[in-house]
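A.B. asks: The following block contains the structure, expressed as C-alpha coordinates.
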Amino acid sequence: MKRSLLAGLSCAVLLAGCGNDSKNKESETDNSNSKLDKVTMMLDWTPNTNHTGIYVAKEKGFFKKHGLDVEIKAPGEVTADQLIAANKKDVQFGISAQEQVTQSRSEGVPIKSIGAIIQHNTSGFMSLKDKNIKSPKDYEGKTYGGWGAPIEKAFIKTLMDKDKADINKTKIVNMGSTDFFAASKKNIDFAWVYYGWTGIEAKTRNIDVNMQYLTDYDKNLDYYTPIIIANEKYLKANSKTAKAFMAAVKEGYEYAIKHEKESADILIKAAPELKKQKDLVYESQKYLSPKYQDDAKTWGIQDEKVWANYARYLKDNKIIKKDFVAKDAFTNEFVEGK
(Lines give C-alpha, C1' and ligand atoms only; values in the text may rest on other atoms or scores of the structure.)
Protein backbone atom coordinates (compact mmCIF):
# COMPACT_ATOMS: atom_id res chain seq x y z
CA MET A 1 0.00 0.00 0.00
CA LYS A 2 3.06 2.20 -0.29
CA ARG A 3 2.26 5.31 -2.26
CA SER A 4 3.68 5.71 -5.77
CA LEU A 5 5.76 8.85 -6.28
CA LEU A 6 4.86 11.50 -8.82
CA ALA A 7 7.03 10.75 -11.81
CA GLY A 8 7.48 12.24 -15.27
CA LEU A 9 4.40 11.96 -17.44
CA SER A 10 6.20 10.75 -20.56
CA CYS A 11 6.58 6.98 -21.00
CA ALA A 12 8.36 5.03 -23.68
CA VAL A 13 7.68 1.48 -22.52
CA LEU A 14 5.12 -0.44 -20.53
CA LEU A 15 6.46 -3.08 -18.21
CA ALA A 16 3.55 -5.41 -17.82
CA GLY A 17 2.42 -5.97 -14.26
CA CYS A 18 0.83 -8.99 -12.76
CA GLY A 19 -2.41 -9.89 -14.52
CA ASN A 20 -5.30 -11.43 -12.67
CA ASP A 21 -5.85 -14.97 -13.96
CA SER A 22 -8.80 -15.73 -11.72
CA LYS A 23 -11.81 -17.01 -13.65
CA ASN A 24 -15.03 -15.13 -13.35
CA LYS A 25 -17.91 -16.95 -11.79
CA GLU A 26 -20.72 -17.53 -14.25
CA SER A 27 -23.69 -15.28 -13.75
CA GLU A 28 -27.00 -14.90 -15.50
CA THR A 29 -26.79 -11.78 -17.64
CA ASP A 30 -28.23 -10.28 -20.76
CA ASN A 31 -24.68 -10.05 -22.10
CA SER A 32 -23.88 -13.77 -21.82
CA ASN A 33 -23.99 -14.34 -25.58
CA SER A 34 -22.53 -11.04 -26.70
CA LYS A 35 -18.93 -10.05 -27.23
CA LEU A 36 -17.39 -8.51 -24.12
CA ASP A 37 -15.63 -5.15 -24.28
CA LYS A 38 -12.02 -5.65 -23.14
CA VAL A 39 -10.51 -2.99 -20.85
CA THR A 40 -7.56 -2.83 -18.48
CA MET A 41 -7.35 -1.48 -14.94
CA MET A 42 -3.91 -0.73 -13.51
CA LEU A 43 -3.36 -0.69 -9.76
CA ASP A 44 -1.21 1.80 -7.89
CA TRP A 45 0.75 -0.90 -6.07
CA THR A 46 0.66 -4.63 -5.40
CA PRO A 47 -2.81 -6.07 -4.62
CA ASN A 48 -4.15 -5.09 -1.21
CA THR A 49 -7.42 -4.28 0.53
CA ASN A 50 -7.73 -0.92 -1.22
CA HIS A 51 -8.38 -3.01 -4.32
CA THR A 52 -10.75 -5.63 -2.92
CA GLY A 53 -13.88 -4.34 -4.63
CA ILE A 54 -12.23 -4.57 -8.04
CA TYR A 55 -11.28 -8.21 -7.53
CA VAL A 56 -14.74 -8.93 -6.15
CA ALA A 57 -16.29 -7.42 -9.29
CA LYS A 58 -14.19 -9.75 -11.42
CA GLU A 59 -14.70 -12.89 -9.34
CA LYS A 60 -18.45 -12.43 -8.85
CA GLY A 61 -19.06 -11.75 -12.54
CA PHE A 62 -20.10 -8.11 -12.14
CA PHE A 63 -17.85 -6.96 -14.97
CA LYS A 64 -19.19 -9.66 -17.26
CA LYS A 65 -22.74 -8.71 -16.31
CA HIS A 66 -22.04 -5.20 -17.56
CA GLY A 67 -20.51 -6.45 -20.80
CA LEU A 68 -16.85 -6.14 -19.87
CA ASP A 69 -13.79 -8.37 -19.85
CA VAL A 70 -11.45 -6.61 -17.40
CA GLU A 71 -7.75 -7.30 -16.97
CA ILE A 72 -6.23 -6.13 -13.69
CA LYS A 73 -2.54 -5.23 -13.73
CA ALA A 74 -0.04 -4.11 -11.13
CA PRO A 75 2.25 -1.28 -12.28
CA GLY A 76 5.77 -1.81 -13.51
CA GLU A 77 8.24 1.03 -13.96
CA VAL A 78 5.48 2.90 -15.77
CA THR A 79 2.56 3.88 -13.55
CA ALA A 80 -1.17 4.12 -14.17
CA ASP A 81 -0.92 7.92 -13.85
CA GLN A 82 1.63 8.08 -16.65
CA LEU A 83 -0.22 5.79 -19.02
CA ILE A 84 -3.58 7.43 -18.45
CA ALA A 85 -2.07 10.90 -18.77
CA ALA A 86 -0.78 9.85 -22.19
CA ASN A 87 -4.17 8.23 -23.02
CA LYS A 88 -2.42 4.98 -23.93
CA LYS A 89 -4.61 2.18 -25.27
CA ASP A 90 -2.89 -0.30 -22.95
CA VAL A 91 -4.71 1.00 -19.86
CA GLN A 92 -8.15 2.63 -19.68
CA PHE A 93 -8.59 2.92 -15.91
CA GLY A 94 -6.19 3.20 -13.00
CA ILE A 95 -5.81 3.81 -9.30
CA SER A 96 -4.19 6.99 -8.07
CA ALA A 97 -4.77 9.51 -5.27
CA GLN A 98 -5.97 13.08 -5.01
CA GLU A 99 -2.40 14.26 -4.36
CA GLN A 100 -1.20 13.07 -7.76
CA VAL A 101 -4.27 14.18 -9.69
CA THR A 102 -4.27 17.66 -8.16
CA GLN A 103 -0.64 18.25 -9.00
CA SER A 104 -0.99 16.72 -12.46
CA ARG A 105 -4.05 18.77 -13.37
CA SER A 106 -2.38 21.95 -12.14
CA GLU A 107 0.22 21.21 -14.83
CA GLY A 108 -2.41 20.68 -17.52
CA VAL A 109 -2.54 16.89 -17.50
CA PRO A 110 -6.07 15.65 -18.46
CA ILE A 111 -6.56 13.04 -15.72
CA LYS A 112 -9.97 12.90 -14.04
CA SER A 113 -11.10 11.09 -10.89
CA ILE A 114 -14.23 9.01 -11.46
CA GLY A 115 -14.67 7.45 -8.03
CA ALA A 116 -13.33 7.61 -4.46
CA ILE A 117 -12.42 4.17 -3.15
CA ILE A 118 -12.28 5.37 0.46
CA GLN A 119 -14.18 8.42 1.70
CA HIS A 120 -11.71 9.73 4.27
CA ASN A 121 -7.93 9.89 4.48
CA THR A 122 -6.66 7.16 6.83
CA SER A 123 -2.98 8.09 6.56
CA GLY A 124 -0.63 9.64 9.06
CA PHE A 125 2.80 9.47 10.62
CA MET A 126 3.56 6.24 12.44
CA SER A 127 6.42 5.31 14.73
CA LEU A 128 7.37 2.40 16.93
CA LYS A 129 6.19 3.03 20.47
CA ASP A 130 9.73 2.83 21.86
CA LYS A 131 10.65 5.88 19.72
CA ASN A 132 8.50 7.84 22.22
CA ILE A 133 6.84 10.01 19.55
CA LYS A 134 3.49 10.90 21.07
CA SER A 135 2.80 14.13 19.19
CA PRO A 136 4.28 16.23 16.35
CA LYS A 137 6.32 18.12 18.98
CA ASP A 138 8.30 14.91 19.38
CA TYR A 139 9.38 15.00 15.72
CA GLU A 140 12.08 17.44 16.85
CA GLY A 141 15.40 15.62 17.00
CA LYS A 142 13.99 12.66 15.06
CA THR A 143 14.49 11.34 11.52
CA TYR A 144 11.65 11.04 9.05
CA GLY A 145 11.90 8.48 6.25
CA GLY A 146 10.03 9.30 3.06
CA TRP A 147 10.09 9.09 -0.74
CA GLY A 148 11.11 12.60 -1.73
CA ALA A 149 7.69 14.05 -2.56
CA PRO A 150 7.38 17.78 -1.72
CA ILE A 151 4.05 17.23 0.04
CA GLU A 152 5.76 15.17 2.74
CA LYS A 153 7.69 18.09 4.20
CA ALA A 154 4.58 20.28 3.94
CA PHE A 155 2.53 17.73 5.87
CA ILE A 156 5.16 17.37 8.58
CA LYS A 157 5.44 21.14 8.92
CA THR A 158 1.66 21.52 9.16
CA LEU A 159 1.48 19.08 12.05
CA MET A 160 4.53 20.52 13.79
CA ASP A 161 3.27 24.10 13.44
CA LYS A 162 0.02 23.08 15.15
CA ASP A 163 2.16 21.72 17.99
CA LYS A 164 4.42 24.81 18.04
CA ALA A 165 7.38 22.70 17.01
CA ASP A 166 10.31 23.53 14.68
CA ILE A 167 10.59 21.45 11.53
CA ASN A 168 14.20 22.57 11.14
CA LYS A 169 14.98 20.28 14.07
CA THR A 170 13.68 17.26 12.15
CA LYS A 171 15.89 15.36 9.72
CA ILE A 172 14.16 14.24 6.50
CA VAL A 173 15.74 11.45 4.45
CA ASN A 174 14.70 9.33 1.49
CA MET A 175 14.24 5.70 2.52
CA GLY A 176 13.22 4.53 -0.96
CA SER A 177 11.30 1.26 -1.03
CA THR A 178 12.45 0.14 2.42
CA ASP A 179 9.69 -1.40 4.51
CA PHE A 180 8.53 0.69 7.49
CA PHE A 181 9.41 -2.01 10.01
CA ALA A 182 12.85 -2.65 8.53
CA ALA A 183 13.60 1.08 8.28
CA SER A 184 12.49 1.65 11.88
CA LYS A 185 15.13 -0.80 13.05
CA LYS A 186 17.79 1.30 11.35
CA ASN A 187 17.90 5.10 11.16
CA ILE A 188 14.21 5.99 10.69
CA ASP A 189 12.08 7.21 13.58
CA PHE A 190 8.76 7.83 11.82
CA ALA A 191 7.18 7.52 8.38
CA TRP A 192 4.00 8.32 6.47
CA VAL A 193 1.76 5.24 6.25
CA TYR A 194 -1.84 4.14 5.78
CA TYR A 195 -3.16 2.73 9.00
CA GLY A 196 -5.46 0.40 7.07
CA TRP A 197 -2.47 -1.67 5.97
CA THR A 198 0.78 -0.84 7.76
CA GLY A 199 -0.95 0.05 11.02
CA ILE A 200 -3.00 -3.13 10.90
CA GLU A 201 0.16 -5.08 10.08
CA ALA A 202 1.76 -3.74 13.26
CA LYS A 203 -1.30 -4.90 15.17
CA THR A 204 -1.21 -8.42 13.71
CA ARG A 205 2.51 -8.64 14.51
CA ASN A 206 1.92 -7.41 18.08
CA ILE A 207 4.15 -4.38 17.49
CA ASP A 208 3.17 -1.33 19.51
CA VAL A 209 3.08 1.91 17.53
CA ASN A 210 2.06 5.56 17.86
CA MET A 211 0.14 7.34 15.11
CA GLN A 212 -0.65 10.94 14.29
CA TYR A 213 -3.40 11.10 11.65
CA LEU A 214 -3.22 13.98 9.16
CA THR A 215 -6.92 14.73 9.46
CA ASP A 216 -6.64 15.29 13.23
CA TYR A 217 -4.44 18.33 12.59
CA ASP A 218 -5.81 19.86 9.38
CA LYS A 219 -9.19 19.13 7.81
CA ASN A 220 -7.84 20.20 4.42
CA LEU A 221 -5.84 16.98 4.49
CA ASP A 222 -8.98 14.86 4.58
CA TYR A 223 -8.74 14.19 0.86
CA TYR A 224 -9.58 11.17 -1.32
CA THR A 225 -6.95 8.47 -1.39
CA PRO A 226 -7.07 6.21 -3.29
CA ILE A 227 -9.25 7.09 -6.27
CA ILE A 228 -10.06 5.60 -9.68
CA ILE A 229 -8.88 7.66 -12.65
CA ALA A 230 -9.27 7.86 -16.41
CA ASN A 231 -8.23 10.22 -19.17
CA GLU A 232 -10.74 12.99 -20.01
CA LYS A 233 -10.52 12.26 -23.73
CA TYR A 234 -11.17 8.58 -23.13
CA LEU A 235 -14.20 9.35 -20.96
CA LYS A 236 -15.73 11.62 -23.60
CA ALA A 237 -15.27 9.03 -26.33
CA ASN A 238 -16.19 5.98 -24.22
CA SER A 239 -18.73 7.14 -21.65
CA LYS A 240 -20.83 3.99 -22.05
CA THR A 241 -17.86 1.77 -21.25
CA ALA A 242 -16.88 3.98 -18.31
CA LYS A 243 -20.41 3.78 -16.90
CA ALA A 244 -20.42 0.00 -17.24
CA PHE A 245 -17.00 -0.28 -15.61
CA MET A 246 -17.85 1.89 -12.64
CA ALA A 247 -21.25 0.24 -12.20
CA ALA A 248 -19.47 -3.11 -11.81
CA VAL A 249 -16.77 -1.68 -9.54
CA LYS A 250 -19.43 -0.05 -7.39
CA GLU A 251 -21.18 -3.40 -7.02
CA GLY A 252 -17.85 -4.93 -6.06
CA TYR A 253 -17.21 -2.46 -3.26
CA GLU A 254 -20.80 -2.60 -2.05
CA TYR A 255 -20.42 -6.37 -1.83
CA ALA A 256 -17.12 -6.00 0.06
CA ILE A 257 -18.80 -3.67 2.54
CA LYS A 258 -21.37 -6.34 3.41
CA HIS A 259 -19.21 -9.46 3.05
CA GLU A 260 -15.77 -8.58 4.40
CA LYS A 261 -14.55 -12.13 5.11
CA GLU A 262 -15.64 -13.55 1.75
CA SER A 263 -14.25 -10.51 -0.04
CA ALA A 264 -10.90 -10.89 1.73
CA ASP A 265 -10.84 -14.53 0.57
CA ILE A 266 -11.49 -13.37 -3.01
CA LEU A 267 -8.55 -10.95 -2.77
CA ILE A 268 -6.28 -13.71 -1.47
CA LYS A 269 -7.42 -16.05 -4.24
CA ALA A 270 -6.60 -13.41 -6.85
CA ALA A 271 -3.23 -12.61 -5.27
CA PRO A 272 -1.89 -15.90 -3.82
CA GLU A 273 1.20 -14.14 -2.48
CA LEU A 274 -1.08 -12.71 0.22
CA LYS A 275 -1.70 -16.18 1.69
CA LYS A 276 1.37 -15.68 3.87
CA GLN A 277 -0.30 -12.53 5.25
CA LYS A 278 -3.87 -13.74 5.44
CA ASP A 279 -4.31 -12.53 9.03
CA LEU A 280 -3.28 -9.06 7.87
CA VAL A 281 -5.69 -9.22 4.92
CA TYR A 282 -8.60 -10.28 7.14
CA GLU A 283 -7.93 -7.60 9.75
CA SER A 284 -7.30 -4.92 7.15
CA GLN A 285 -10.51 -5.82 5.34
CA LYS A 286 -12.43 -5.67 8.61
CA TYR A 287 -11.03 -2.17 9.17
CA LEU A 288 -11.59 -0.87 5.62
CA SER A 289 -14.94 -2.36 4.62
CA PRO A 290 -16.99 0.19 6.61
CA LYS A 291 -14.69 2.99 5.43
CA TYR A 292 -15.26 2.47 1.71
CA GLN A 293 -18.55 4.37 1.79
CA ASP A 294 -18.52 5.67 5.35
CA ASP A 295 -20.79 8.74 5.62
CA ALA A 296 -21.29 9.26 1.86
CA LYS A 297 -24.73 8.76 0.33
CA THR A 298 -23.29 6.15 -2.01
CA TRP A 299 -19.95 4.45 -2.64
CA GLY A 300 -17.51 6.41 -4.79
CA ILE A 301 -19.13 9.83 -4.49
CA GLN A 302 -16.85 12.90 -4.29
CA ASP A 303 -17.35 16.40 -2.90
CA GLU A 304 -16.06 19.48 -4.72
CA LYS A 305 -15.12 21.09 -1.38
CA VAL A 306 -12.69 18.26 -0.64
CA TRP A 307 -10.89 18.91 -3.92
CA ALA A 308 -10.94 22.68 -3.48
CA ASN A 309 -9.69 22.59 0.12
CA TYR A 310 -6.77 20.33 -0.67
CA ALA A 311 -5.78 22.35 -3.75
CA ARG A 312 -5.84 25.54 -1.69
CA TYR A 313 -3.61 23.84 0.88
CA LEU A 314 -1.10 22.91 -1.84
CA LYS A 315 -1.13 26.43 -3.28
CA ASP A 316 -0.71 28.01 0.16
CA ASN A 317 2.30 25.75 0.66
CA LYS A 318 3.68 26.64 -2.79
CA ILE A 319 3.52 23.04 -4.02
CA ILE A 320 1.31 24.06 -6.94
CA LYS A 321 1.50 27.53 -8.44
CA LYS A 322 -1.39 27.71 -10.87
CA ASP A 323 -5.08 28.05 -10.11
CA PHE A 324 -6.91 24.76 -9.74
CA VAL A 325 -10.52 24.23 -10.87
CA ALA A 326 -11.85 21.66 -8.41
CA LYS A 327 -15.06 20.82 -10.27
CA ASP A 328 -13.09 19.80 -13.36
CA ALA A 329 -10.89 17.31 -11.50
CA PHE A 330 -13.60 14.74 -10.81
CA THR A 331 -17.02 13.54 -11.83
CA ASN A 332 -19.76 11.67 -10.00
CA GLU A 333 -21.67 10.77 -13.14
CA PHE A 334 -20.40 7.19 -13.18
CA VAL A 335 -21.21 6.33 -9.55
CA GLU A 336 -24.53 8.09 -9.04
CA GLY A 337 -27.65 6.02 -9.39
CA LYS A 338 -27.79 2.37 -10.39
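Identifiers in this document derive from the order of the C-alpha coordinates: chains are assigned A, B, ..., residues are numbered from 1 separately in each chain, and ligands are numbered from 1 in order of occurrence.
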If we count only C-alpha atoms, what is near Lys129 of chain A at a cut-off of 10 Å, once residues fewer than 3 positions away on the same chain are taken out, given as a list in words?

C.D. replies: Met126, Asn132, Ile133, Lys134, Asp189, Ile207, Asp208, Val209, Asn210 and Met211 of chain A

A.B. asks: Go ahead and save the picked residues with N, CA, C and O atoms, as a tab-separated table (two decimals), in the first residue's frame.

C.D. replies:
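Printed below is result05.tsv as written:
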chain	number	residue	atom	x	y	z
A	126	MET	N	3.50	7.34	11.48
A	126	MET	CA	3.56	6.24	12.44
A	126	MET	C	4.99	6.02	12.91
A	126	MET	O	5.94	6.21	12.16
A	132	ASN	N	9.07	6.83	21.31
A	132	ASN	CA	8.50	7.84	22.22
A	132	ASN	C	8.03	9.09	21.48
A	132	ASN	O	8.21	10.22	21.96
A	133	ILE	N	7.42	8.89	20.31
A	133	ILE	CA	6.84	10.01	19.55
A	133	ILE	C	5.33	10.00	19.80
A	133	ILE	O	4.59	9.23	19.19
A	134	LYS	N	4.90	10.87	20.69
A	134	LYS	CA	3.49	10.90	21.07
A	134	LYS	C	2.70	12.03	20.42
A	134	LYS	O	1.47	12.03	20.44
A	189	ASP	N	12.90	7.13	12.38
A	189	ASP	CA	12.08	7.21	13.58
A	189	ASP	C	10.59	7.21	13.28
A	189	ASP	O	9.79	6.66	14.05
A	207	ILE	N	3.16	-5.45	17.38
A	207	ILE	CA	4.15	-4.38	17.49
A	207	ILE	C	3.43	-3.11	17.91
A	207	ILE	O	2.52	-2.66	17.22
A	208	ASP	N	3.81	-2.54	19.02
A	208	ASP	CA	3.17	-1.33	19.51
A	208	ASP	C	3.66	-0.10	18.74
A	208	ASP	O	4.87	0.07	18.55
A	209	VAL	N	2.72	0.72	18.30
A	209	VAL	CA	3.08	1.91	17.53
A	209	VAL	C	2.29	3.12	18.02
A	209	VAL	O	1.27	3.00	18.70
A	210	ASN	N	2.79	4.29	17.66
A	210	ASN	CA	2.06	5.56	17.86
A	210	ASN	C	1.72	6.12	16.49
A	210	ASN	O	2.47	5.92	15.52
A	211	MET	N	0.61	6.83	16.39
A	211	MET	CA	0.14	7.34	15.11
A	211	MET	C	-0.43	8.72	15.26
A	211	MET	O	-1.21	8.99	16.19

A.B. asks: Which of segment 34-175 of chain A counts as alpha helix (DSSP H) under DSSP, as JSON, numbers by chain please?

C.D. replies: {"A": [52, 53, 54, 55, 56, 57, 58, 59, 62, 63, 64, 65, 80, 81, 82, 83, 84, 85, 98, 99, 100, 101, 102, 103, 104, 105, 106, 150, 151, 152, 153, 154, 155, 156, 157, 158, 159, 160, 161, 162]}

A.B. asks: Using DSSP on the backbone coordinates, identify the residues of segment 47-270 of chain A assigned to strand (DSSP E); present them as number ranges by chain.

C.D. replies: A: 68-73, 93-96, 111-116, 123-128, 143-146, 171-174, 190-194, 209-213, 227-231

A.B. asks: Would you mind exporting N, CA and C atoms of the selected residues as a short mmCIF file (atom, residue, chain, number, x, y, z; two decimals), in the first residue's frame?

C.D. replies:
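Okay, this is what ended up in again-v4.cif:
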data_model
loop_
_atom_site.label_atom_id
_atom_site.label_comp_id
_atom_site.auth_asym_id
_atom_site.auth_seq_id
_atom_site.Cartn_x
_atom_site.Cartn_y
_atom_site.Cartn_z
N LEU A 68 -18.29 -6.43 -19.85
CA LEU A 68 -16.85 -6.14 -19.87
C LEU A 68 -15.99 -7.36 -19.55
N ASP A 69 -14.85 -7.40 -20.18
CA ASP A 69 -13.79 -8.37 -19.85
C ASP A 69 -12.64 -7.52 -19.34
N VAL A 70 -12.41 -7.52 -18.03
CA VAL A 70 -11.45 -6.61 -17.40
C VAL A 70 -10.18 -7.33 -16.98
N GLU A 71 -9.05 -6.82 -17.42
CA GLU A 71 -7.75 -7.30 -16.97
C GLU A 71 -7.24 -6.36 -15.89
N ILE A 72 -6.76 -6.93 -14.80
CA ILE A 72 -6.23 -6.13 -13.69
C ILE A 72 -4.72 -6.30 -13.66
N LYS A 73 -4.00 -5.20 -13.73
CA LYS A 73 -2.54 -5.23 -13.73
C LYS A 73 -1.96 -4.44 -12.57
N PHE A 93 -8.27 2.46 -17.25
CA PHE A 93 -8.59 2.92 -15.91
C PHE A 93 -7.42 2.61 -14.97
N GLY A 94 -7.29 3.42 -13.93
CA GLY A 94 -6.19 3.20 -13.00
C GLY A 94 -6.54 3.67 -11.60
N ILE A 95 -5.65 3.36 -10.68
CA ILE A 95 -5.81 3.81 -9.30
C ILE A 95 -4.72 4.82 -8.99
N SER A 96 -5.12 5.93 -8.43
CA SER A 96 -4.19 6.99 -8.07
C SER A 96 -4.65 7.57 -6.73
N ILE A 111 -6.12 14.18 -16.51
CA ILE A 111 -6.56 13.04 -15.72
C ILE A 111 -7.78 13.47 -14.90
N LYS A 112 -8.77 12.59 -14.81
CA LYS A 112 -9.97 12.90 -14.04
C LYS A 112 -10.28 11.76 -13.08
N SER A 113 -10.68 12.09 -11.87
CA SER A 113 -11.10 11.09 -10.89
C SER A 113 -12.56 10.74 -11.13
N ILE A 114 -12.86 9.43 -11.20
CA ILE A 114 -14.23 9.01 -11.46
C ILE A 114 -14.83 8.21 -10.31
N GLY A 115 -14.11 8.14 -9.18
CA GLY A 115 -14.67 7.45 -8.03
C GLY A 115 -13.69 7.42 -6.87
N ALA A 116 -14.17 7.69 -5.66
CA ALA A 116 -13.33 7.61 -4.46
C ALA A 116 -13.47 6.22 -3.86
N SER A 123 -4.44 8.08 6.42
CA SER A 123 -2.98 8.09 6.56
C SER A 123 -2.50 9.01 7.66
N GLY A 124 -1.25 8.81 8.03
CA GLY A 124 -0.63 9.64 9.06
C GLY A 124 0.79 9.21 9.30
N PHE A 125 1.41 9.78 10.31
CA PHE A 125 2.80 9.47 10.62
C PHE A 125 2.85 8.45 11.76
N MET A 126 3.50 7.34 11.48
CA MET A 126 3.56 6.24 12.44
C MET A 126 4.99 6.02 12.91
N SER A 127 5.11 5.61 14.15
CA SER A 127 6.42 5.31 14.73
C SER A 127 6.28 4.16 15.71
N LEU A 128 7.37 3.44 15.91
CA LEU A 128 7.37 2.40 16.93
C LEU A 128 7.21 3.06 18.30
N THR A 143 14.27 11.49 12.96
CA THR A 143 14.49 11.34 11.52
C THR A 143 13.27 10.76 10.85
N TYR A 144 12.80 11.49 9.83
CA TYR A 144 11.65 11.04 9.05
C TYR A 144 12.14 10.34 7.78
N GLY A 145 11.56 9.20 7.48
CA GLY A 145 11.90 8.48 6.25
C GLY A 145 10.77 8.58 5.25
N GLY A 146 11.06 9.13 4.07
CA GLY A 146 10.03 9.30 3.06
C GLY A 146 10.48 8.89 1.68
N LYS A 171 15.12 15.78 10.88
CA LYS A 171 15.89 15.36 9.72
C LYS A 171 14.98 14.57 8.78
N ILE A 172 14.99 14.91 7.50
CA ILE A 172 14.16 14.24 6.50
C ILE A 172 15.07 13.55 5.49
N VAL A 173 14.91 12.24 5.37
CA VAL A 173 15.74 11.45 4.45
C VAL A 173 14.84 10.61 3.54
N ASN A 174 15.41 10.19 2.44
CA ASN A 174 14.70 9.33 1.49
C ASN A 174 15.02 7.87 1.82
N PHE A 190 10.18 7.83 12.18
CA PHE A 190 8.76 7.83 11.82
C PHE A 190 8.60 7.94 10.31
N ALA A 191 7.42 7.53 9.82
CA ALA A 191 7.18 7.52 8.38
C ALA A 191 5.69 7.74 8.12
N TRP A 192 5.39 8.10 6.89
CA TRP A 192 4.00 8.32 6.47
C TRP A 192 3.42 7.00 5.98
N VAL A 193 2.35 6.53 6.60
CA VAL A 193 1.76 5.24 6.25
C VAL A 193 0.24 5.34 6.23
N TYR A 194 -0.39 4.31 5.68
CA TYR A 194 -1.84 4.14 5.78
C TYR A 194 -2.10 3.16 6.91
N VAL A 209 2.72 0.72 18.30
CA VAL A 209 3.08 1.91 17.53
C VAL A 209 2.29 3.12 18.02
N ASN A 210 2.79 4.29 17.66
CA ASN A 210 2.06 5.56 17.86
C ASN A 210 1.72 6.12 16.49
N MET A 211 0.61 6.83 16.39
CA MET A 211 0.14 7.34 15.11
C MET A 211 -0.43 8.72 15.26
N GLN A 212 -0.03 9.62 14.37
CA GLN A 212 -0.65 10.94 14.29
C GLN A 212 -1.31 11.04 12.92
N TYR A 213 -2.65 11.05 12.90
CA TYR A 213 -3.40 11.10 11.65
C TYR A 213 -3.42 12.52 11.10
N ILE A 227 -8.14 6.79 -5.37
CA ILE A 227 -9.25 7.09 -6.27
C ILE A 227 -9.07 6.31 -7.57
N ILE A 228 -10.13 6.23 -8.36
CA ILE A 228 -10.06 5.60 -9.68
C ILE A 228 -10.01 6.71 -10.72
N ILE A 229 -9.10 6.59 -11.67
CA ILE A 229 -8.88 7.66 -12.65
C ILE A 229 -9.02 7.16 -14.09
N ALA A 230 -9.26 8.11 -14.97
CA ALA A 230 -9.27 7.86 -16.41
C ALA A 230 -8.90 9.15 -17.12
N ASN A 231 -8.57 9.04 -18.38
CA ASN A 231 -8.23 10.22 -19.17
C ASN A 231 -9.51 10.92 -19.64
#

A.B. asks: Applying 9 Å and only C-alpha atoms, which residues near segment 312-326 of chain A remain after dropping the ones on its own chain fewer than 4 positions away? List them as an MDAnalysis selection string.

C.D. replies: chainID A and resid 102:103 105:107 150:151 154 220:221 304:308 330

A.B. asks: Using only C-alpha atoms, find each residue of segment 99-161 of chain A with at least one atom at most 12 Å away from an atom of segment 45-64 of chain A; report its shortest atom-to-atom pair and that distance in Å (one decimal), sort the rows by chain and rising residue number, and return the result as JSON lines.

C.D. replies:
{"residue": "A:Ala116", "atom": "CA", "partner": "A:Asn50", "partner_atom": "CA", "distance": 10.7}
{"residue": "A:Ile117", "atom": "CA", "partner": "A:Asn50", "partner_atom": "CA", "distance": 7.2}
{"residue": "A:Ile118", "atom": "CA", "partner": "A:Asn50", "partner_atom": "CA", "distance": 7.9}
{"residue": "A:Gln119", "atom": "CA", "partner": "A:Asn50", "partner_atom": "CA", "distance": 11.7}
{"residue": "A:Thr122", "atom": "CA", "partner": "A:Asn50", "partner_atom": "CA", "distance": 11.5}
